Amino acid sequence: VQLQASGGGTVQTGGSVRLTCEASGRPFSFYNMAWFRQRPGKEREFLAGAKWNDGGTTLADPIKGRSTVFRFNADNNANSTVYLRINDLKPEDTAIYYCAAAVQVGAIYRNVEAYDYWGQGTQVTVSS
């Protein structure tokens, strides 16, 4: 399984960023996908998730109301892409953003330990 995250960069306060995570390497049926971030000196935190099958998504409080998450499955789930768009960026959104995947049944899990596969991370820096 390979997860490739992209879309980071330096953005001004109030701007937007769209992050992309491309998953490949095996069929992604039953794999939920998620976005986490790790701010300097902080633990990695859950931001958003997307189920593998029914289009269900969830957003965490730090970005709820100013973000959307969308997942696209192709080739009978052989490849999956999950997008996270965050608007109205603030300096406290500065972090490394990671995507993750794992087989999950039911709800989208929010703890780091629930995910088996991780992308390399993409840096988002919000300048004031």
# chains A, B, ... in the order shown; residues from 1 in each chain; ligands from 1
$ residues_around --residues "Pro27 of chain A" --least-positions-apart "3" --cutoff "7 Å" --atoms "only C-alpha atoms" --output "MDAnalysis selection string"
chainID A and resid 77:79
$ residues_around --residues "Trp35 of chain A" --least-positions-apart "2" --cutoff "8 Å" --atoms "only C-alpha atoms" --output "MDAnalysis selection string"
chainID A and resid 33 37 46:49 84 97:100
$ residues_around --residues "segment 107-121 of chain A" --least-positions-apart "3" --cutoff "9 Å" --atoms "only C-alpha atoms" --output "ChimeraX atom specification"
/A:1-6,8,21-23,32-34,36-37,44-51,56-58,60,96-104
$ residues_around --residues "Thr68 of chain A" --least-positions-apart "2" --cutoff "10 Å" --atoms "only C-alpha atoms" --output "VMD selection string"
chain A and resid 18 48 57 to 59 63 to 66 70 83 to 87
$ write_last_selection --atoms "N, CA, C and O atoms" --output "tab-separated table (two decimals), in the first residue's frame"
chain	number	residue	atom	x	y	z
A	18	ARG	N	-5.91	22.82	-0.78
A	18	ARG	CA	-6.54	21.54	-1.10
A	18	ARG	C	-5.46	20.47	-1.08
A	18	ARG	O	-4.53	20.50	-1.88
A	48	ALA	N	-10.06	14.56	9.52
A	48	ALA	CA	-11.15	14.22	8.62
A	48	ALA	C	-11.02	12.76	8.20
A	48	ALA	O	-9.92	12.22	8.18
A	57	THR	N	-18.53	10.76	5.47
A	57	THR	CA	-17.36	11.52	5.83
A	57	THR	C	-17.55	12.13	7.21
A	57	THR	O	-18.68	12.23	7.72
A	58	THR	N	-16.49	12.56	7.80
A	58	THR	CA	-16.55	13.25	9.08
A	58	THR	C	-15.42	14.25	9.16
A	58	THR	O	-14.35	14.05	8.57
A	59	LEU	N	-15.67	15.34	9.87
A	59	LEU	CA	-14.67	16.38	10.07
A	59	LEU	C	-14.53	16.65	11.56
A	59	LEU	O	-15.52	16.66	12.30
A	63	ILE	N	-11.44	21.98	12.22
A	63	ILE	CA	-11.62	22.43	10.84
A	63	ILE	C	-13.08	22.35	10.38
A	63	ILE	O	-13.40	22.72	9.25
A	64	LYS	N	-13.95	21.87	11.25
A	64	LYS	CA	-15.36	21.76	10.87
A	64	LYS	C	-15.92	23.14	10.58
A	64	LYS	O	-15.61	24.11	11.25
A	65	GLY	N	-16.78	23.20	9.56
A	65	GLY	CA	-17.40	24.46	9.20
A	65	GLY	C	-16.61	25.27	8.19
A	65	GLY	O	-17.12	26.24	7.63
A	66	ARG	N	-15.36	24.90	7.95
A	66	ARG	CA	-14.56	25.60	6.96
A	66	ARG	C	-13.78	24.63	6.07
A	66	ARG	O	-12.82	25.04	5.40
A	70	PHE	N	-13.53	14.74	0.55
A	70	PHE	CA	-14.18	13.98	-0.52
A	70	PHE	C	-13.28	12.85	-0.95
A	70	PHE	O	-12.07	13.02	-1.07
A	83	TYR	N	-9.54	13.88	-0.89
A	83	TYR	CA	-9.20	15.30	-0.93
A	83	TYR	C	-9.67	15.96	0.37
A	83	TYR	O	-10.72	15.65	0.90
A	84	LEU	N	-8.87	16.89	0.83
A	84	LEU	CA	-9.25	17.72	1.97
A	84	LEU	C	-9.01	19.17	1.60
A	84	LEU	O	-7.88	19.55	1.29
A	85	ARG	N	-10.07	19.94	1.63
A	85	ARG	CA	-9.94	21.37	1.38
A	85	ARG	C	-10.23	22.10	2.68
A	85	ARG	O	-11.27	21.87	3.31
A	86	ILE	N	-9.32	22.98	3.05
A	86	ILE	CA	-9.50	23.79	4.26
A	86	ILE	C	-9.49	25.24	3.84
A	86	ILE	O	-8.56	25.70	3.18
A	87	ASN	N	-10.53	25.95	4.23
A	87	ASN	CA	-10.66	27.36	3.94
A	87	ASN	C	-10.36	28.18	5.19
A	87	ASN	O	-10.24	27.66	6.29
$ select_by_dssp --residues "chain A" --states "helix (DSSP H, G or I)" --output "list of chain:residue names"
A:Pro91, A:Glu92, A:Asp93, A:Val112, A:Glu113, A:Ala114
$ write_last_selection --atoms "N, CA and C atoms" --output "PDB file, in the first residue's frame"
ATOM      1  N   PRO A  91      -2.919  30.865  11.269  1.00  0.00           N
ATOM      2  CA  PRO A  91      -1.540  30.466  11.580  1.00  0.00           C
ATOM      3  C   PRO A  91      -1.468  29.166  12.378  1.00  0.00           C
ATOM      4  N   GLU A  92      -2.451  28.908  13.213  1.00  0.00           N
ATOM      5  CA  GLU A  92      -2.441  27.662  14.011  1.00  0.00           C
ATOM      6  C   GLU A  92      -2.731  26.413  13.184  1.00  0.00           C
ATOM      7  N   ASP A  93      -3.066  26.591  11.916  1.00  0.00           N
ATOM      8  CA  ASP A  93      -3.208  25.448  11.014  1.00  0.00           C
ATOM      9  C   ASP A  93      -1.861  25.000  10.454  1.00  0.00           C
ATOM     10  N   VAL A 112      -4.812   7.619  16.178  1.00  0.00           N
ATOM     11  CA  VAL A 112      -3.655   7.308  15.343  1.00  0.00           C
ATOM     12  C   VAL A 112      -3.420   5.809  15.264  1.00  0.00           C
ATOM     13  N   GLU A 113      -3.614   5.127  16.377  1.00  0.00           N
ATOM     14  CA  GLU A 113      -3.293   3.698  16.449  1.00  0.00           C
ATOM     15  C   GLU A 113      -4.190   2.848  15.561  1.00  0.00           C
ATOM     16  N   ALA A 114      -5.295   3.393  15.124  1.00  0.00           N
ATOM     17  CA  ALA A 114      -6.248   2.632  14.306  1.00  0.00           C
ATOM     18  C   ALA A 114      -5.843   2.557  12.844  1.00  0.00           C
TER      19      ALA A 114
END
$ select_by_dssp --residues "segment 40-117 of chain A" --states "strand (DSSP E)" --output "PyMOL selection string"
chain A and resi 45-50+57-59+67-74+79-86+95-103+117
$ residues_around --residues "Gly14 of chain A" --least-positions-apart "3" --cutoff "8 Å" --atoms "only C-alpha atoms" --output "list of chain:residue names"
A:Asn87, A:Asp88, A:Leu89, A:Lys90
$ write_last_selection --atoms "C-alpha atoms" --output "short mmCIF file (atom, residue, chain, number, x, y, z; two decimals), in the first residue's frame"
data_model
loop_
_atom_site.label_atom_id
_atom_site.label_comp_id
_atom_site.auth_asym_id
_atom_site.auth_seq_id
_atom_site.Cartn_x
_atom_site.Cartn_y
_atom_site.Cartn_z
CA ASN A 87 -10.66 27.36 3.94
CA ASP A 88 -10.06 30.41 6.10
CA LEU A 89 -6.64 29.17 7.13
CA LYS A 90 -5.15 30.44 10.37
#
